[in-house]
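K.L.:
This is my_file.csv (CSV, C-alpha atoms).
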chain,number,residue,atom,x,y,z
A,276,MET,CA,1.7,-16.1,-9.3
A,277,LYS,CA,2.0,-15.4,-5.6
A,278,TYR,CA,-1.0,-13.1,-5.6
A,279,LEU,CA,-3.0,-14.7,-8.4
A,280,PRO,CA,-6.1,-15.5,-6.4
A,281,LEU,CA,-6.3,-11.8,-5.3
A,282,ARG,CA,-5.9,-10.6,-8.9
A,283,ILE,CA,-8.7,-13.0,-10.1
A,284,VAL,CA,-11.1,-11.7,-7.5
A,285,GLU,CA,-10.2,-8.1,-8.4
A,286,SER,CA,-11.0,-8.7,-12.1
A,287,LEU,CA,-14.3,-10.4,-11.2
A,288,LEU,CA,-15.3,-7.6,-8.8
A,289,SER,CA,-14.5,-4.9,-11.3
A,290,ILE,CA,-16.9,-6.4,-13.8
A,291,PHE,CA,-19.6,-6.9,-11.2
A,292,LEU,CA,-19.2,-3.3,-10.0
A,293,ILE,CA,-19.7,-1.8,-13.5
A,294,ILE,CA,-22.6,-4.0,-14.4
A,295,GLY,CA,-24.2,-3.3,-11.0
A,296,CYS,CA,-23.9,0.5,-11.2
A,297,ALA,CA,-27.4,1.5,-12.3
A,298,SER,CA,-27.3,-0.6,-15.4
A,299,ILE,CA,-30.3,-1.7,-17.5
A,300,TYR,CA,-29.6,-5.3,-16.3
A,301,VAL,CA,-30.1,-4.7,-12.6
A,302,HIS,CA,-33.1,-2.3,-13.2
A,303,GLY,CA,-34.8,-4.6,-15.6
A,304,ASP,CA,-34.6,-8.0,-14.0
A,305,GLU,CA,-34.8,-8.7,-10.2
A,306,ILE,CA,-33.0,-12.0,-10.6
A,307,ILE,CA,-30.0,-10.4,-12.2
A,308,LYS,CA,-30.1,-7.6,-9.6
A,309,SER,CA,-30.0,-10.1,-6.8
A,310,ALA,CA,-27.3,-12.2,-8.5
A,311,ILE,CA,-25.1,-9.1,-9.0
A,312,ASN,CA,-25.5,-8.0,-5.4
A,313,ILE,CA,-24.8,-11.5,-4.0
A,314,GLY,CA,-21.8,-11.7,-6.3
A,315,VAL,CA,-20.4,-8.3,-5.0
A,316,PHE,CA,-21.1,-9.5,-1.4
A,317,LEU,CA,-19.1,-12.7,-1.9
A,318,LEU,CA,-16.3,-11.1,-3.8
A,319,ILE,CA,-15.8,-8.3,-1.2
A,320,ILE,CA,-15.7,-11.0,1.5
A,321,LEU,CA,-13.2,-13.0,-0.5
A,322,LEU,CA,-11.0,-10.0,-1.2
A,323,SER,CA,-11.1,-9.0,2.5
A,324,CYS,CA,-10.3,-12.5,3.8
A,325,ILE,CA,-7.5,-13.1,1.3
A,326,SER,CA,-5.9,-9.7,2.0
A,327,PHE,CA,-6.3,-10.3,5.8
A,328,TYR,CA,-4.5,-13.6,5.4
A,329,LEU,CA,-1.7,-12.1,3.2
A,330,LEU,CA,-1.1,-9.2,5.6
A,331,SER,CA,-0.9,-11.7,8.5
A,332,VAL,CA,1.6,-14.0,6.7
A,333,GLU,CA,3.8,-11.1,5.7
A,334,HIS,CA,3.6,-9.7,9.3
A,335,LYS,CA,2.1,-6.4,8.0
A,336,LEU,CA,-1.2,-6.8,10.0
A,337,THR,CA,-0.9,-4.5,13.1
A,338,TYR,CA,-3.3,-4.0,15.9
A,339,LYS,CA,-4.0,-0.5,14.6
A,340,TRP,CA,-6.0,-2.0,11.6
A,341,LEU,CA,-8.0,-4.3,13.9
A,342,VAL,CA,-8.8,-1.4,16.3
A,343,LEU,CA,-9.9,0.7,13.3
A,344,TRP,CA,-12.2,-2.1,12.1
A,345,PHE,CA,-13.8,-2.6,15.5
A,346,SER,CA,-14.1,1.1,16.2
A,347,TYR,CA,-16.1,1.6,13.0
A,348,PHE,CA,-18.8,-0.8,14.2
A,349,ILE,CA,-18.8,0.3,17.8
A,350,PHE,CA,-18.7,4.1,17.3
A,351,PHE,CA,-20.6,4.4,13.9
A,352,LEU,CA,-22.5,1.6,12.4
A,353,ILE,CA,-24.2,0.1,15.4
A,354,PRO,CA,-25.3,3.4,17.1
A,355,PHE,CA,-26.2,5.0,13.7
A,356,THR,CA,-28.3,2.0,12.7
A,357,LEU,CA,-30.2,2.0,16.0
A,358,LEU,CA,-30.9,5.8,16.0
A,359,ASN,CA,-31.6,6.2,12.3
A,360,ASN,CA,-33.9,3.3,12.4
A,361,LEU,CA,-36.1,5.0,15.0
A,362,ASN,CA,-37.1,7.6,12.3
A,363,TYR,CA,-37.7,5.1,9.5
A,364,PRO,CA,-37.4,1.3,9.1
A,365,MET,CA,-33.9,0.8,7.7
A,366,GLY,CA,-33.4,-1.7,4.9
A,367,ASN,CA,-31.1,-4.7,5.4
A,368,PHE,CA,-29.2,-3.8,2.2
A,369,PHE,CA,-27.8,-0.6,3.7
A,370,VAL,CA,-26.6,-2.4,6.8
A,371,LEU,CA,-25.1,-5.2,4.8
A,372,GLN,CA,-23.2,-2.7,2.5
A,373,PHE,CA,-21.8,-0.7,5.4
A,374,SER,CA,-20.9,-3.9,7.3
A,375,LEU,CA,-18.8,-5.3,4.4
A,376,LEU,CA,-17.0,-2.2,3.3
A,377,PRO,CA,-14.6,-1.9,6.3
A,378,GLY,CA,-13.1,-5.3,5.4
A,379,LEU,CA,-11.8,-3.7,2.2
A,380,VAL,CA,-9.5,-1.6,4.3
A,381,PHE,CA,-7.4,-4.7,4.7
A,382,TYR,CA,-7.3,-5.2,0.9
A,383,PHE,CA,-6.4,-1.6,0.1
A,384,GLN,CA,-3.8,-1.6,2.8
A,385,PHE,CA,-2.2,-4.8,1.3
A,386,CYS,CA,-2.2,-3.1,-2.1
A,387,ARG,CA,-0.2,-0.2,-0.5
A,388,THR,CA,2.3,-2.6,1.1
A,389,VAL,CA,3.1,-4.2,-2.3
A,390,GLY,CA,3.4,-0.8,-4.0
A,391,ASN,CA,0.2,-1.0,-6.1
A,392,PRO,CA,-2.4,1.1,-4.3
A,393,TRP,CA,-4.6,1.5,-7.4
A,394,ALA,CA,-4.7,-2.2,-8.4
A,395,LEU,CA,-8.5,-2.4,-8.4
A,396,MET,CA,-9.0,0.9,-10.1
A,397,LEU,CA,-6.7,-0.3,-12.9
A,398,LYS,CA,-8.9,-3.3,-13.4
A,399,ILE,CA,-12.0,-1.1,-13.3
A,400,ASP,CA,-10.5,1.3,-15.9
A,401,LYS,CA,-9.9,-1.6,-18.3
A,402,VAL,CA,-13.5,-2.7,-18.0
A,403,ILE,CA,-14.8,0.8,-18.6
A,404,ASN,CA,-12.6,1.2,-21.7
A,405,VAL,CA,-14.0,-1.9,-23.2
A,406,VAL,CA,-17.5,-0.7,-22.5
A,407,ALA,CA,-16.7,2.7,-24.0
A,408,ILE,CA,-15.4,1.2,-27.2
A,409,ILE,CA,-18.4,-1.0,-27.7
A,410,SER,CA,-20.9,1.7,-26.8
A,411,LEU,CA,-19.2,4.2,-29.1
A,412,ILE,CA,-19.4,1.8,-32.1
A,413,PHE,CA,-23.0,0.9,-31.4
A,414,TRP,CA,-24.0,4.6,-30.9
A,415,ILE,CA,-22.5,5.5,-34.2
A,416,LEU,CA,-24.0,2.5,-36.1
A,417,PHE,CA,-27.5,2.4,-34.5
A,418,SER,CA,-28.3,5.8,-32.9
A,419,ILE,CA,-26.6,8.0,-35.5
A,420,LEU,CA,-26.5,6.0,-38.8
A,421,HIS,CA,-29.6,3.9,-38.0
A,422,ILE,CA,-28.3,0.9,-39.9
A,423,SER,CA,-30.7,-1.3,-38.0
A,424,SER,CA,-33.9,-1.2,-36.0
A,425,PRO,CA,-33.9,-2.3,-32.3
A,426,THR,CA,-33.7,-6.1,-31.9
A,427,GLY,CA,-35.9,-6.0,-28.9
A,428,THR,CA,-37.2,-4.1,-25.8
A,429,VAL,CA,-36.8,-4.3,-22.1
A,430,VAL,CA,-38.8,-2.9,-19.2
A,431,ILE,CA,-36.8,-1.0,-16.6
A,432,ASP,CA,-37.9,0.4,-13.2
A,433,TRP,CA,-35.6,3.5,-13.2
A,434,GLY,CA,-38.3,6.1,-12.6
A,435,PRO,CA,-41.7,5.1,-13.9
A,436,LYS,CA,-41.6,1.7,-15.6
A,437,ARG,CA,-41.0,2.0,-19.4
A,438,LEU,CA,-40.0,0.1,-22.5
A,439,ILE,CA,-36.4,0.7,-23.7
A,440,PRO,CA,-35.2,-0.2,-27.2
A,441,SER,CA,-32.4,-2.8,-27.1
A,442,PHE,CA,-29.8,-3.7,-29.6
A,443,TYR,CA,-28.7,-7.3,-29.1
A,444,GLY,CA,-29.0,-6.9,-25.3
A,445,ILE,CA,-25.7,-4.9,-25.3
A,446,TYR,CA,-26.7,-1.4,-26.2
A,447,PHE,CA,-29.9,0.5,-25.2
A,448,GLU,CA,-31.4,3.8,-26.3
A,449,THR,CA,-32.7,5.2,-23.0
A,450,GLN,CA,-32.7,9.0,-23.5
A,451,PRO,CA,-33.6,10.8,-26.7
A,452,VAL,CA,-33.1,14.5,-26.2
A,453,ASN,CA,-33.9,17.6,-28.2
A,454,PHE,CA,-31.2,20.3,-28.4
A,455,TYR,CA,-32.0,23.5,-30.4
A,456,GLY,CA,-34.5,21.5,-32.5
A,457,ILE,CA,-32.0,18.7,-33.2
A,458,SER,CA,-33.0,15.2,-32.0
A,459,VAL,CA,-30.1,13.3,-30.4
A,460,ILE,CA,-29.9,9.9,-28.8
A,461,ARG,CA,-27.6,10.0,-25.8
A,462,ASN,CA,-25.0,7.3,-25.7
A,463,THR,CA,-25.9,5.5,-22.4
A,464,ALA,CA,-24.4,2.1,-23.3
A,465,PHE,CA,-26.2,-0.3,-21.0
A,466,PHE,CA,-26.9,2.1,-18.2
A,467,THR,CA,-30.2,3.6,-17.2
A,468,GLU,CA,-29.4,7.2,-18.2
A,469,GLY,CA,-26.7,9.5,-19.5
A,470,PRO,CA,-25.6,10.9,-16.1
A,471,MET,CA,-25.0,7.5,-14.7
A,472,TYR,CA,-22.9,6.5,-17.7
A,473,ALA,CA,-21.1,9.8,-17.5
A,474,PHE,CA,-20.3,8.9,-13.8
A,475,ILE,CA,-18.7,5.6,-14.9
A,476,LEU,CA,-16.7,7.3,-17.7
A,477,SER,CA,-15.7,10.1,-15.3
A,478,ILE,CA,-14.2,7.5,-12.9
A,479,SER,CA,-12.0,6.2,-15.7
A,480,LEU,CA,-10.9,9.7,-16.8
A,481,ILE,CA,-10.0,11.1,-13.4
A,482,SER,CA,-8.3,7.8,-12.3
A,483,ARG,CA,-6.2,7.9,-15.4
A,484,MET,CA,-5.3,11.5,-15.0
A,485,PHE,CA,-4.7,11.8,-11.2
A,486,LEU,CA,-4.1,8.3,-9.9
A,487,PHE,CA,-2.3,6.6,-12.8
A,488,ASN,CA,-0.7,9.9,-14.1
A,489,LYS,CA,-1.5,9.1,-17.8
A,490,SER,CA,-1.7,11.7,-20.5
A,491,ILE,CA,-4.8,13.4,-22.0
A,492,LYS,CA,-3.9,11.9,-25.4
A,493,SER,CA,-4.1,8.4,-24.0
A,494,SER,CA,-7.6,9.2,-22.7
A,495,PHE,CA,-9.0,10.6,-25.9
A,496,LEU,CA,-11.4,7.7,-26.4
A,497,ILE,CA,-12.9,8.1,-22.9
A,498,ILE,CA,-13.3,11.9,-23.4
A,499,LEU,CA,-14.9,11.4,-26.8
A,500,THR,CA,-17.4,8.8,-25.3
A,501,MET,CA,-18.2,11.2,-22.5
A,502,LEU,CA,-19.2,13.9,-25.0
A,503,THR,CA,-21.6,11.4,-26.7
A,504,THR,CA,-23.5,11.1,-23.4
A,505,VAL,CA,-24.6,14.8,-24.0
A,506,THR,CA,-24.6,15.5,-20.3
A,507,SER,CA,-23.6,18.5,-18.2
A,508,THR,CA,-21.7,16.1,-15.9
A,509,SER,CA,-19.4,15.1,-18.7
A,510,LEU,CA,-18.7,18.6,-19.8
A,511,VAL,CA,-17.9,19.8,-16.2
A,512,VAL,CA,-15.7,16.8,-15.4
A,513,ILE,CA,-13.8,17.1,-18.7
A,514,GLY,CA,-13.3,20.8,-18.1
A,515,LEU,CA,-12.1,20.4,-14.5
A,516,THR,CA,-9.8,17.5,-15.5
A,517,LEU,CA,-8.2,19.6,-18.2
A,518,PHE,CA,-7.8,22.5,-15.8
A,519,PHE,CA,-6.1,20.4,-13.1
A,520,LYS,CA,-4.0,18.6,-15.7
A,521,TYR,CA,-2.9,21.9,-17.2
A,522,LEU,CA,-1.8,23.2,-13.8
A,523,LYS,CA,0.0,20.0,-13.0
A,524,ASP,CA,1.9,19.6,-16.3
A,525,GLY,CA,2.4,23.3,-17.1
A,526,LYS,CA,5.6,25.0,-16.2
A,527,LEU,CA,4.4,27.9,-13.9
A,528,SER,CA,7.0,30.6,-13.7
A,529,SER,CA,6.5,33.3,-11.1
A,530,ILE,CA,5.8,35.9,-13.8
A,531,ASN,CA,3.3,33.9,-15.8
A,532,THR,CA,1.5,32.0,-13.0
A,533,LEU,CA,-1.5,34.4,-12.8
A,534,LYS,CA,-2.0,34.4,-16.6
A,535,LYS,CA,-1.6,30.6,-16.8
A,536,ILE,CA,-4.2,30.1,-14.0
A,537,LEU,CA,-6.7,32.7,-15.2
A,538,LEU,CA,-6.9,31.4,-18.8
A,539,PRO,CA,-8.1,27.9,-17.9
A,540,LEU,CA,-10.2,29.3,-15.0
A,541,VAL,CA,-12.2,31.5,-17.4
A,542,SER,CA,-12.5,28.5,-19.7
A,543,ILE,CA,-13.9,26.4,-16.9
A,544,ILE,CA,-16.5,29.1,-16.1
A,545,LEU,CA,-17.5,29.3,-19.7
A,546,LEU,CA,-17.7,25.5,-19.9
A,547,ILE,CA,-20.0,25.3,-16.8
A,548,PHE,CA,-22.2,28.0,-18.4
A,549,VAL,CA,-22.4,25.9,-21.6
A,550,ALA,CA,-23.2,22.8,-19.5
A,551,PHE,CA,-26.0,24.7,-17.8
A,552,ILE,CA,-27.4,25.8,-21.2
A,553,LEU,CA,-27.1,22.2,-22.5
A,554,GLU,CA,-29.0,20.9,-19.5
A,555,GLN,CA,-31.7,23.4,-19.8
A,556,LYS,CA,-32.2,22.8,-23.5
A,557,THR,CA,-32.2,19.0,-23.2
A,558,LYS,CA,-34.6,19.0,-20.2
A,559,GLY,CA,-37.0,21.6,-21.1
A,560,GLY,CA,-35.6,24.4,-18.9
A,561,GLU,CA,-36.6,22.7,-15.7
A,562,SER,CA,-33.4,21.1,-14.6
A,563,PHE,CA,-31.8,24.0,-12.7
A,564,GLY,CA,-35.0,24.7,-10.8
A,565,ILE,CA,-35.4,21.1,-9.8
A,566,ARG,CA,-31.8,20.9,-8.5
A,567,MET,CA,-32.3,24.0,-6.4
A,568,ASP,CA,-35.6,22.7,-5.1
A,569,ASP,CA,-34.0,19.4,-4.2
A,570,ILE,CA,-31.3,21.2,-2.2
A,571,HIS,CA,-33.9,23.4,-0.5
A,572,ALA,CA,-36.0,20.4,0.3
A,573,ALA,CA,-33.0,18.5,1.7
A,574,PHE,CA,-32.1,21.3,4.0
A,575,LEU,CA,-35.6,21.7,5.3
A,576,THR,CA,-35.8,17.9,5.8
A,577,TRP,CA,-32.4,17.8,7.5
A,578,LYS,CA,-33.5,20.4,10.1
A,579,SER,CA,-36.1,17.9,11.5
A,580,HIS,CA,-33.4,15.4,12.5
A,581,PRO,CA,-30.0,17.1,12.0
A,582,PHE,CA,-27.8,14.6,13.8
A,583,VAL,CA,-29.0,11.1,12.6
A,584,GLY,CA,-31.2,12.1,9.7
A,585,ASN,CA,-34.8,11.3,8.8
A,586,GLY,CA,-34.1,7.6,8.0
A,587,ILE,CA,-32.3,5.8,5.2
A,588,GLY,CA,-34.9,5.3,2.4
A,589,ASN,CA,-37.4,7.8,3.8
A,590,PHE,CA,-37.9,9.6,0.5
A,591,GLN,CA,-41.3,10.8,1.5
A,592,SER,CA,-39.7,13.1,4.0
A,593,LEU,CA,-38.0,14.9,1.1
A,594,ILE,CA,-41.1,15.0,-1.0
A,595,ASN,CA,-43.0,16.6,1.8
A,596,ASN,CA,-40.6,19.6,1.5
A,597,MET,CA,-40.5,19.9,-2.3
A,598,ASN,CA,-42.3,22.6,-4.3
A,599,SER,CA,-46.0,21.6,-4.6
A,600,PHE,CA,-46.1,22.6,-8.3
A,601,ARG,CA,-43.4,20.1,-9.0
A,602,ILE,CA,-45.0,17.1,-7.2
A,603,GLN,CA,-48.8,17.6,-7.5
A,604,PHE,CA,-49.2,15.6,-10.7
A,605,LYS,CA,-46.6,13.0,-10.2
A,606,SER,CA,-46.2,9.8,-8.2
A,607,PRO,CA,-43.2,9.4,-5.8
A,608,ILE,CA,-41.4,7.2,-8.2
A,609,GLU,CA,-41.6,9.8,-11.0
A,610,ILE,CA,-40.3,12.7,-8.9
A,611,GLY,CA,-36.8,11.5,-8.3
A,612,PHE,CA,-34.0,13.4,-6.6
A,613,SER,CA,-30.9,15.0,-8.1
A,614,SER,CA,-28.2,15.1,-5.4
A,615,GLY,CA,-26.5,12.2,-3.7
A,616,LEU,CA,-24.7,14.4,-1.2
A,617,PHE,CA,-27.9,16.2,-0.1
A,618,GLN,CA,-29.8,13.0,0.0
A,619,VAL,CA,-27.3,11.6,2.5
A,620,PHE,CA,-27.4,14.9,4.4
A,621,ALA,CA,-31.2,14.8,4.8
A,622,LEU,CA,-31.7,11.1,5.4
A,623,GLY,CA,-28.5,10.3,7.3
A,624,GLY,CA,-27.8,13.6,9.0
A,625,ILE,CA,-24.5,14.9,10.1
A,626,PHE,CA,-23.5,11.5,11.4
A,627,LEU,CA,-23.6,9.7,8.0
A,628,THR,CA,-22.6,12.8,6.0
A,629,SER,CA,-19.3,12.9,8.0
A,630,ILE,CA,-18.6,9.3,7.1
A,631,TYR,CA,-19.0,10.2,3.4
A,632,ILE,CA,-17.1,13.4,3.5
A,633,TYR,CA,-14.1,12.4,5.7
A,634,PRO,CA,-12.4,10.2,3.0
A,635,PHE,CA,-12.4,13.2,0.6
A,636,VAL,CA,-10.8,15.5,3.1
A,637,ALA,CA,-8.4,13.0,4.6
A,638,PHE,CA,-7.1,11.8,1.2
A,639,SER,CA,-6.5,15.4,0.1
A,640,VAL,CA,-4.6,16.3,3.2
A,641,ARG,CA,-2.5,13.1,3.1
A,642,GLN,CA,-1.7,13.3,-0.6
A,643,TYR,CA,-0.9,17.0,-0.3
A,644,LYS,CA,2.4,16.2,1.4
A,645,GLN,CA,3.5,14.2,-1.6
A,646,ILE,CA,2.1,15.9,-4.7
A,647,GLY,CA,0.9,19.3,-3.4
A,648,ILE,CA,-2.2,21.1,-4.6
A,649,PHE,CA,-2.9,18.5,-7.3
A,650,SER,CA,-3.9,16.1,-4.5
A,651,ILE,CA,-7.3,17.7,-4.5
A,652,ALA,CA,-8.1,17.0,-8.1
A,653,PHE,CA,-9.5,13.5,-7.8
A,654,PRO,CA,-11.5,14.0,-4.6
A,655,ILE,CA,-12.8,17.4,-5.7
A,656,ILE,CA,-14.1,16.2,-9.0
A,657,LEU,CA,-15.6,13.1,-7.4
A,658,LEU,CA,-17.3,15.2,-4.8
A,659,ILE,CA,-18.8,17.4,-7.5
A,660,ILE,CA,-20.2,14.3,-9.2
A,661,PHE,CA,-21.5,13.0,-5.9
A,662,THR,CA,-23.2,16.4,-5.3
A,663,PHE,CA,-25.1,16.3,-8.6
A,664,SER,CA,-25.7,12.6,-9.2
A,665,ILE,CA,-27.6,9.9,-7.2
A,666,ILE,CA,-24.7,7.5,-6.5
A,667,SER,CA,-24.9,7.5,-2.7
A,668,TYR,CA,-25.4,3.7,-2.4
A,669,GLU,CA,-23.7,2.5,-5.6
A,670,TRP,CA,-21.1,-0.2,-4.8
A,671,LEU,CA,-18.5,1.4,-7.1
A,672,PHE,CA,-18.7,4.8,-5.4
A,673,LEU,CA,-18.7,3.3,-1.8
A,674,ILE,CA,-15.6,1.2,-2.6
A,675,ILE,CA,-13.8,4.2,-4.0
A,676,LEU,CA,-14.5,6.1,-0.8
A,677,THR,CA,-13.1,3.2,1.2
A,678,MET,CA,-10.0,3.3,-1.1
A,679,LEU,CA,-9.5,7.0,-0.5
A,680,TYR,CA,-9.9,6.5,3.3
A,681,THR,CA,-7.3,3.7,3.4
A,682,ASN,CA,-4.8,5.7,1.3
A,683,SER,CA,-5.2,8.6,3.8
A,684,LEU,CA,-3.9,6.5,6.7
A,685,ARG,CA,-0.3,6.2,7.8
A,686,ASN,CA,1.3,2.9,7.2
Could I get this structure in the form of structure tokens?

P.N.:
Amino acid sequence: MKYLPLRIVESLLSIFLIIGCASIYVHGDEIIKSAINIGVFLLIILLSCISFYLLSVEHKLTYKWLVLWFSYFIFFLIPFTLLNNLNYPMGNFFVLQFSLLPGLVFYFQFCRTVGNPWALMLKIDKVINVVAIISLIFWILFSILHISSPTGTVVIDWGPKRLIPSFYGIYFETQPVNFYGISVIRNTAFFTEGPMYAFILSISLISRMFLFNKSIKSSFLIILTMLTTVTSTSLVVIGLTLFFKYLKDGKLSSINTLKKILLPLVSIILLIFVAFILEQKTKGGESFGIRMDDIHAAFLTWKSHPFVGNGIGNFQSLINNMNSFRIQFKSPIEIGFSSGLFQVFALGGIFLTSIYIYPFVAFSVRQYKQIGIFSIAFPIILLIIFTFSIISYEWLFLIILTMLYTNSLRN
């Protein structure tokens, strides 16, 4: 009961984070989108203030945490905002996001002091599991068995505006794909596309495996749901998770170590190859070329302003360096971009990219002292998802980065 207010805010925030992560709701209604963002703003402020107070009361708030908080603004956010804004007018949303996130350092530090560093992730995992169960049932009933026609439609702005079939406003059919002549509807739950739902499910899977130390068997439902998204992201994440879990749980004797490592490694390579084929077949063979063109365009764009980037939101600077055959018949909103990491690299430069990458490295180094090589599993898989998904400014992803950073610090 002592920490009940904190637990209530955690539960509310976990729901808001999932709904706000590229869902149909936030990309189909501006009022809902604003409400979700305002809700996340307020919940983060509440979580930060309550944690700050509890740390103070329990005499766990040291000057180090306050110095870190002020240093972030003085040495990163203020100079970066000023310099990056010279290249392109920066939106207020980015500044607000990156102003609120440091307050969560107090929250995650408090969780560490009470021996529950993954408190928020546990809440998020429960929400994702509920979503997975509902989406799996609806996918089987409506997208596979077709027991009912859509009950309505919604218009979303993810890419060009389009109508999406809706089933009771809970489940949506956003992406029919064709694989070797077989028409399949991806299970996207209430998210805008398969890769975004795969990202959500992947967070649950890798958290369960490498933060909560649960078994593969206990995560069967999540793995099954990931497969129904029919995405290369899901296949690669499942493969890497099984590989790291195999290494962690297997008894590696000195004689059999090489054999035990080579077997899953070869399996992973084959799995990535299958994922590549899957992506080509479901996207008309263009996906790999688009990804490579995005990386090439990002590198060319980055060279213009390597330190502070070309300006947050300056998507036109990326389009200017894309292959002309790809963009000549499309509007900017139809073109899209496939890599969150390279988007940050091009538009935020080395300055912002360092802020994104540091938590991955610091967490791996810090955790290595406790659990060895398996410390890299969670950050490595998350980094791969970040590289091939547009999640750069999603609240869920940014909060996880803040969590990794805080758990890399010394108490």

K.L.:
Measuring atom to atom with all atoms listed in the file, identify which of A:Ile666, A:Leu371, A:Ile656, A:Ile594 is nearest to Ala573 of chain A.

P.N.:
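Closest candidate: A:Ile594.
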
K.L.:
Within 12 Å of Ile419 of chain A, counting only C-alpha atoms, which residues show up once you throw out same-chain ones fewer than 6 positions away? Write them as an mmCIF file with C-alpha atoms, in the coordinates of the input, please.

P.N.:
data_model
loop_
_atom_site.group_PDB
_atom_site.id
_atom_site.type_symbol
_atom_site.label_atom_id
_atom_site.label_comp_id
_atom_site.auth_asym_id
_atom_site.auth_seq_id
_atom_site.Cartn_x
_atom_site.Cartn_y
_atom_site.Cartn_z
ATOM 1 C CA LEU A 411 -19.200 4.200 -29.100
ATOM 2 C CA ILE A 412 -19.400 1.800 -32.100
ATOM 3 C CA PHE A 413 -23.000 0.900 -31.400
ATOM 4 C CA GLU A 448 -31.400 3.800 -26.300
ATOM 5 C CA PRO A 451 -33.600 10.800 -26.700
ATOM 6 C CA SER A 458 -33.000 15.200 -32.000
ATOM 7 C CA VAL A 459 -30.100 13.300 -30.400
ATOM 8 C CA ILE A 460 -29.900 9.900 -28.800
ATOM 9 C CA ARG A 461 -27.600 10.000 -25.800
ATOM 10 C CA ASN A 462 -25.000 7.300 -25.700
ATOM 11 C CA THR A 503 -21.600 11.400 -26.700
#

K.L.:
Using all atoms listed in the file, which of A:Phe442, A:Phe373, A:Phe327, A:Phe519 sits nearest Phe348 of chain A?

P.N.:
A:Phe373

K.L.:
I'd like to know which of A:Asn453, A:Phe316, A:Thr504, A:Val583 is closest to Phe474 of chain A, using only C-alpha atoms.

P.N.:
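Looking only at the distances to Phe474 of chain A, the closest residue turns out to be A:Thr504.
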
K.L.:
From the list A:Thr426, A:Thr356, A:Thr463, A:Ser477, which residue is nearest Thr508 of chain A when using only C-alpha atoms?

P.N.:
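Comparing A:Thr426, A:Thr356, A:Thr463, A:Ser477 against Thr508 of chain A, the winner is A:Ser477.
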
K.L.:
Is there a way to get, as a list of chain:residue names, all residues within 9 Å of the point (-30.7, 8.0, 15.9) in file coordinates, counting all atoms listed in the file?

P.N.:
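Counting all atoms listed in the file, I find these residues within 9 Å of (-30.7, 8.0, 15.9): A:Pro354, A:Phe355, A:Thr356, A:Leu357, A:Leu358, A:Asn359, A:Asn360, A:Leu361, A:Asn362, A:His580, A:Phe582, A:Val583, A:Gly584, A:Asn585, A:Gly586.
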